[in-house]
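> What follows is the file query_4.cif, containing mmCIF, C-alpha atoms:
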```cif
data_work
loop_
_atom_site.label_atom_id
_atom_site.label_comp_id
_atom_site.auth_asym_id
_atom_site.auth_seq_id
_atom_site.Cartn_x
_atom_site.Cartn_y
_atom_site.Cartn_z
CA MET A 41 0.00 0.00 0.00
CA PRO A 42 1.37 3.48 -0.77
CA GLU A 43 2.25 5.75 2.13
CA SER A 44 -0.23 8.51 2.94
CA GLY A 45 0.42 11.65 0.92
CA ARG A 46 3.08 9.95 -1.18
CA GLU A 47 3.03 10.49 -4.93
CA ASN A 48 3.36 7.44 -7.14
CA ASP A 49 4.84 8.13 -10.57
CA PHE A 50 4.08 5.81 -13.47
CA GLN A 51 6.75 5.37 -16.11
CA LEU A 52 5.59 4.48 -19.59
CA VAL A 53 7.20 3.58 -22.87
CA SER A 54 5.80 4.75 -26.17
CA THR A 55 6.33 3.39 -29.65
CA GLN A 56 4.81 4.16 -33.01
CA LEU A 57 3.37 1.16 -34.82
CA GLU A 58 3.77 0.77 -38.53
CA LYS A 59 0.69 -0.03 -40.59
CA GLU A 60 1.57 -3.69 -40.80
CA ASP A 61 1.72 -3.88 -36.99
CA GLU A 62 -1.97 -3.15 -36.50
CA LEU A 63 -3.53 -5.87 -34.38
CA THR A 64 -6.73 -7.68 -35.29
CA SER A 65 -8.46 -10.59 -33.63
CA PHE A 66 -6.66 -13.00 -35.95
CA ASP A 67 -3.09 -11.81 -35.41
CA GLU A 68 -0.64 -14.40 -34.23
CA ALA A 69 0.33 -14.52 -30.56
CA GLU A 70 3.97 -14.19 -31.56
CA ARG A 71 3.33 -10.85 -33.24
CA PHE A 72 1.63 -9.53 -30.12
CA ARG A 73 4.52 -10.73 -27.99
CA ASP A 74 7.07 -9.04 -30.24
CA LEU A 75 5.22 -5.74 -29.98
CA LEU A 76 5.18 -5.93 -26.20
CA LEU A 77 8.81 -6.91 -25.72
CA LEU A 78 11.08 -4.08 -26.83
CA HIS A 79 14.21 -4.73 -28.85
CA SER A 80 17.27 -2.55 -29.12
CA ASN A 81 16.78 -1.94 -32.83
CA GLN A 82 13.29 -0.48 -32.43
CA ASP A 83 12.83 3.24 -32.84
CA THR A 84 11.49 3.79 -29.32
CA GLU A 85 12.06 6.10 -26.41
CA ILE A 86 12.97 3.83 -23.51
CA LEU A 87 12.45 5.31 -20.06
CA PRO A 88 14.75 4.52 -17.08
CA ILE A 89 12.75 1.59 -15.74
CA PHE A 90 13.16 -0.22 -19.05
CA GLN A 91 16.83 0.67 -19.34
CA GLN A 92 17.34 -1.10 -16.04
CA ARG A 93 15.32 -4.04 -17.43
CA ARG A 94 12.98 -4.06 -14.45
CA TYR A 95 9.80 -4.73 -16.36
CA PRO A 96 6.41 -4.15 -14.73
CA LYS A 97 3.91 -6.99 -14.66
CA LEU A 98 1.53 -6.94 -17.60
CA TYR A 99 -1.63 -8.99 -17.64
CA VAL A 100 -3.27 -9.65 -21.02
CA ASP A 101 -6.83 -10.90 -20.94
CA GLY A 102 -8.07 -12.52 -24.11
CA PRO A 103 -8.28 -12.70 -27.02
CA PHE A 104 -12.01 -13.19 -26.93
CA GLY A 105 -13.38 -14.70 -30.10
CA SER A 106 -16.47 -13.78 -32.04
CA PRO A 107 -18.65 -15.90 -34.32
CA PHE A 108 -16.88 -14.47 -37.36
CA GLU A 109 -13.69 -16.37 -36.62
CA GLU A 110 -15.61 -19.53 -37.44
CA SER A 111 -16.12 -18.36 -41.02
CA LEU A 112 -12.65 -19.70 -41.78
CA ASN A 113 -13.62 -23.15 -40.54
CA TYR A 114 -16.29 -23.77 -43.17
CA GLU A 115 -15.58 -24.82 -46.73
CA VAL A 116 -18.14 -22.21 -47.83
CA SER A 117 -19.18 -19.13 -45.84
CA LEU A 118 -21.71 -16.37 -46.41
CA CYS A 119 -20.80 -13.10 -44.67
CA VAL A 120 -23.42 -10.35 -44.62
CA ALA A 121 -22.71 -6.83 -43.35
CA GLY A 122 -25.07 -3.92 -42.94
CA GLY A 123 -23.41 -0.49 -42.95
CA ILE A 124 -20.82 -0.19 -40.19
CA GLY A 125 -21.47 -3.85 -39.41
CA VAL A 126 -18.69 -4.59 -41.90
CA THR A 127 -16.08 -3.74 -39.25
CA PRO A 128 -15.81 -7.22 -37.64
CA PHE A 129 -15.26 -8.76 -41.06
CA ALA A 130 -12.14 -6.66 -41.67
CA SER A 131 -10.03 -9.06 -39.60
CA VAL A 132 -11.32 -12.01 -41.65
CA LEU A 133 -10.42 -10.29 -44.92
CA ASN A 134 -7.00 -9.30 -43.60
CA THR A 135 -6.37 -12.87 -42.51
CA LEU A 136 -7.18 -14.16 -46.00
CA LEU A 137 -4.92 -11.50 -47.45
CA ASP A 138 -2.05 -12.84 -45.34
CA GLY A 139 -2.67 -16.34 -46.66
CA TRP A 140 -5.84 -18.34 -47.27
CA LYS A 141 -4.49 -21.78 -48.09
CA ARG A 142 -4.01 -22.92 -44.49
CA TYR A 143 -7.72 -22.51 -43.75
CA LYS A 144 -10.62 -24.77 -44.57
CA LEU A 145 -12.49 -21.96 -46.32
CA ARG A 146 -12.56 -22.33 -50.11
CA ARG A 147 -15.36 -19.96 -51.11
CA LEU A 148 -16.56 -16.77 -49.47
CA TYR A 149 -19.73 -14.91 -50.36
CA PHE A 150 -19.34 -11.36 -49.08
CA ILE A 151 -22.50 -9.22 -49.08
CA TRP A 152 -22.34 -5.60 -47.90
CA VAL A 153 -25.41 -3.32 -47.81
CA CYS A 154 -24.98 0.45 -47.35
CA ARG A 155 -27.22 3.49 -47.65
CA ASP A 156 -24.64 5.79 -49.28
CA ILE A 157 -21.78 5.27 -51.70
CA GLU A 158 -19.19 6.86 -49.43
CA SER A 159 -19.54 4.06 -46.87
CA PHE A 160 -18.01 1.55 -49.29
CA CYS A 161 -14.77 3.53 -49.22
CA TRP A 162 -14.13 2.31 -45.65
CA PHE A 163 -12.78 -1.01 -46.88
CA ALA A 164 -12.58 -0.50 -50.64
CA ASP A 165 -8.79 -0.76 -50.69
CA LEU A 166 -8.83 -3.96 -48.64
CA LEU A 167 -11.45 -5.58 -50.87
CA CYS A 168 -9.60 -4.62 -54.05
CA THR A 169 -6.26 -5.84 -52.72
CA LEU A 170 -7.72 -9.21 -51.70
CA ARG A 171 -9.53 -9.61 -55.01
CA ASN A 172 -6.39 -8.82 -57.00
CA LYS A 173 -4.33 -11.25 -54.93
CA LEU A 174 -6.80 -14.07 -55.55
CA TRP A 175 -6.85 -13.34 -59.28
CA GLN A 176 -3.05 -13.46 -59.37
CA GLU A 177 -3.19 -16.83 -57.63
CA ASN A 178 -5.71 -18.11 -60.19
CA ARG A 179 -8.55 -18.26 -57.65
CA PRO A 180 -10.99 -15.61 -58.87
CA ASP A 181 -13.88 -17.73 -57.64
CA TYR A 182 -12.64 -17.77 -54.04
CA ILE A 183 -14.54 -14.62 -53.06
CA ASN A 184 -17.87 -13.44 -54.45
CA ILE A 185 -18.32 -9.75 -53.59
CA GLN A 186 -21.74 -8.12 -53.83
CA LEU A 187 -22.18 -4.49 -52.78
CA TYR A 188 -25.72 -3.12 -52.44
CA LEU A 189 -26.52 0.60 -52.40
CA SER A 190 -29.93 0.72 -50.76
CA GLN A 191 -30.69 4.44 -51.12
CA THR A 192 -29.71 6.45 -54.19
CA ASP A 193 -31.10 8.99 -56.64
CA GLY A 194 -29.36 7.38 -59.58
CA ILE A 195 -26.36 5.42 -60.80
CA GLN A 196 -23.31 6.01 -58.63
CA LYS A 197 -19.79 4.67 -58.53
CA ILE A 198 -16.97 4.44 -56.05
CA ILE A 199 -14.64 7.20 -57.19
CA GLY A 200 -11.20 6.05 -58.26
CA GLU A 201 -9.71 4.15 -61.20
CA LYS A 202 -8.46 1.37 -58.93
CA TYR A 203 -12.03 0.64 -57.78
CA GLN A 204 -13.35 -0.45 -61.17
CA ALA A 205 -13.49 -4.07 -60.04
CA LEU A 206 -15.71 -3.10 -57.11
CA ASN A 207 -17.95 -0.92 -59.25
CA SER A 208 -18.70 -3.98 -61.36
CA ARG A 209 -20.00 -5.65 -58.18
CA LEU A 210 -22.11 -2.64 -57.14
CA LEU A 211 -25.87 -3.16 -57.26
CA ILE A 212 -28.71 -0.71 -56.65
CA GLY A 213 -31.38 -1.68 -54.15
CA ARG A 214 -31.53 -4.35 -51.48
CA PRO A 215 -30.57 -8.02 -51.78
CA ARG A 216 -33.27 -10.49 -52.71
CA TRP A 217 -32.35 -12.81 -49.89
CA LYS A 218 -34.46 -15.81 -50.89
CA LEU A 219 -33.00 -15.84 -54.40
CA LEU A 220 -29.51 -15.38 -52.99
CA PHE A 221 -29.87 -18.37 -50.67
CA ASP A 222 -31.33 -20.50 -53.46
CA GLU A 223 -28.43 -19.65 -55.77
CA ILE A 224 -25.82 -20.40 -53.12
CA ALA A 225 -27.54 -23.69 -52.25
CA LYS A 226 -27.64 -24.67 -55.92
CA CYS A 227 -23.94 -23.94 -56.44
CA ASN A 228 -22.92 -25.78 -53.26
CA ARG A 229 -25.08 -28.89 -53.23
CA ARG A 230 -25.02 -31.07 -50.11
CA LYS A 231 -22.53 -28.81 -48.34
CA THR A 232 -22.75 -27.08 -44.98
CA ILE A 233 -22.49 -23.31 -45.31
CA GLY A 234 -21.68 -20.95 -42.46
CA VAL A 235 -23.85 -17.82 -42.40
CA PHE A 236 -22.43 -14.81 -40.55
CA CYS A 237 -24.23 -11.53 -40.09
CA CYS A 238 -23.48 -8.20 -38.47
CA GLY A 239 -26.12 -5.63 -39.17
CA PRO A 240 -29.61 -4.44 -38.27
CA ASN A 241 -31.90 -6.92 -36.52
CA LYS A 242 -34.24 -6.90 -39.50
CA ILE A 243 -31.58 -8.40 -41.76
CA SER A 244 -30.49 -10.78 -39.02
CA LYS A 245 -34.00 -12.18 -38.61
CA ILE A 246 -34.42 -12.70 -42.35
CA LEU A 247 -31.12 -14.58 -42.63
CA HIS A 248 -31.90 -16.66 -39.56
CA LYS A 249 -35.25 -17.70 -41.00
CA LEU A 250 -33.77 -18.57 -44.40
CA SER A 251 -30.95 -20.53 -42.78
CA ASN A 252 -33.54 -22.73 -41.05
CA SER A 253 -35.53 -23.27 -44.24
CA SER A 254 -35.14 -26.44 -46.28
CA ASN A 255 -34.04 -26.54 -49.91
CA SER A 256 -34.08 -29.10 -52.70
CA TYR A 257 -30.27 -29.24 -53.05
CA GLY A 258 -29.40 -30.89 -49.75
CA THR A 259 -27.50 -27.77 -48.68
CA ARG A 260 -27.42 -26.90 -45.00
CA PHE A 261 -27.02 -23.35 -43.66
CA GLU A 262 -25.68 -22.77 -40.14
CA TYR A 263 -26.47 -19.32 -38.78
CA ASN A 264 -24.17 -17.14 -36.65
CA LYS A 265 -24.69 -13.49 -35.84
CA GLU A 266 -23.51 -10.33 -34.13
CA SER A 267 -26.29 -7.84 -34.69
CA PHE A 268 -27.08 -4.29 -33.65
CA SER A 269 -30.36 -2.38 -33.60
#
```
Written as structure tokens, how would this file's structure read?


Amino acid sequence: MPESGRENDFQLVSTQLEKEDELTSFDEAERFRDLLLLHSNQDTEILPIFQQRRYPKLYVDGPFGSPFEESLNYEVSLCVAGGIGVTPFASVLNTLLDGWKRYKLRRLYFIWVCRDIESFCWFADLLCTLRNKLWQENRPDYINIQLYLSQTDGIQKIIGEKYQALNSRLLIGRPRWKLLFDEIAKCNRRKTIGVFCCGPNKISKILHKLSNSSNSYGTRFEYNKESFS
């Protein structure tokens, strides 16, 4: 216990992370360890307590998983995002960008519904980079991207020459969910498909109901969600 009236100073160390050092829920434990343990060749300002190598105790709780991590454990997954609900899927896409072959997943249907065109810019670079990587590796069918602009006064596009591939996947209106499920079931007969949703409860309820519906192709849909109102 500290003595009465005594000031307790906390000494901290600061370091600037490069872009590739950003942590997501799928980052390896070794990467996290390397970021915590300082090395002499890092461009950091080390305060006296670290120079003396008397490290404070650090307790790390987690990581805590979410249903979306399981999307990599299906042969086929359907990921549906509504607006800002795309955020949890960023770690999945980044993981596939780092290397998809070590996972069970062999086909990903990625559906993203937004009200305005600007929202797609949040992860446009990530989607384009992943698509281009898969094309270079002769796996253009690995990811099926469908972007839906639910509210618009006319034809719009994501501004930028590099986004042409995404503009070709941009649709006006809302998804026809029943037709989408039927098409996926037809293309993946007798397989089990993981369904993952982060978006408004209305979309979540529709997907849950369709996942529990039978189809004539022997395809089974398993529903997972992380929804918001």

> Can you pull out the residues contacting A:Pro180? Cut-off 12 Å, using only C-alpha atoms, and skip same-chain residues under 2 positions away; I want them as a VMD selection string.

chain A and resid 146 to 148 170 to 178 182 to 185 205

> Using all atoms listed in the file, which of A:Arg209, A:His248, A:Lys97, A:Lys231 sits nearest A:Trp152?

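Closest to A:Trp152, using all atoms listed in the file: A:Arg209.
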
> With the PyMOL selection byres ((chain A and resi 230) around 6) as the selection, what would be picked from this file? Answer as a CSV table (one decimal) with C-alpha atoms, keeping the file's coordinate frame, please.


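Printed below is expr-v1.csv as written:
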```csv
chain,number,residue,atom,x,y,z
A,229,ARG,CA,-25.1,-28.9,-53.2
A,231,LYS,CA,-22.5,-28.8,-48.3
A,258,GLY,CA,-29.4,-30.9,-49.8
A,259,THR,CA,-27.5,-27.8,-48.7
```

> Would you pick out the contacts of A:Phe236 at 9 Å or less, using all atoms listed in the file, so that residues sharing its chain but fewer than 2 positions from it are not included, and give the list as a list in words?

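The neighbour list is Pro107, Phe108, Glu110, Ser111, Ser117, Leu118, Cys119, Val120, Ala121, Gly234, Cys238, Leu247, Glu262, Tyr263, Asn264, Lys265 and Glu266 of chain A.
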
> Please produce an output containing C-alpha atoms for each residue in the selection, written as an mmCIF file, in the coordinates of the input.


```
data_model
loop_
_atom_site.group_PDB
_atom_site.id
_atom_site.type_symbol
_atom_site.label_atom_id
_atom_site.label_comp_id
_atom_site.auth_asym_id
_atom_site.auth_seq_id
_atom_site.Cartn_x
_atom_site.Cartn_y
_atom_site.Cartn_z
ATOM 1 C CA PRO A 107 -18.650 -15.900 -34.320
ATOM 2 C CA PHE A 108 -16.880 -14.470 -37.360
ATOM 3 C CA GLU A 110 -15.610 -19.530 -37.440
ATOM 4 C CA SER A 111 -16.120 -18.360 -41.020
ATOM 5 C CA SER A 117 -19.180 -19.130 -45.840
ATOM 6 C CA LEU A 118 -21.710 -16.370 -46.410
ATOM 7 C CA CYS A 119 -20.800 -13.100 -44.670
ATOM 8 C CA VAL A 120 -23.420 -10.350 -44.620
ATOM 9 C CA ALA A 121 -22.710 -6.830 -43.350
ATOM 10 C CA GLY A 234 -21.680 -20.950 -42.460
ATOM 11 C CA CYS A 238 -23.480 -8.200 -38.470
ATOM 12 C CA LEU A 247 -31.120 -14.580 -42.630
ATOM 13 C CA GLU A 262 -25.680 -22.770 -40.140
ATOM 14 C CA TYR A 263 -26.470 -19.320 -38.780
ATOM 15 C CA ASN A 264 -24.170 -17.140 -36.650
ATOM 16 C CA LYS A 265 -24.690 -13.490 -35.840
ATOM 17 C CA GLU A 266 -23.510 -10.330 -34.130
#
```

> Neighbours of A:Gln204 within 12 Å (all atoms listed in the file; same-chain residues fewer than 5 positions away dropped), as number ranges by chain?

A: 164-165, 167-168, 171-172, 197-199, 209-210
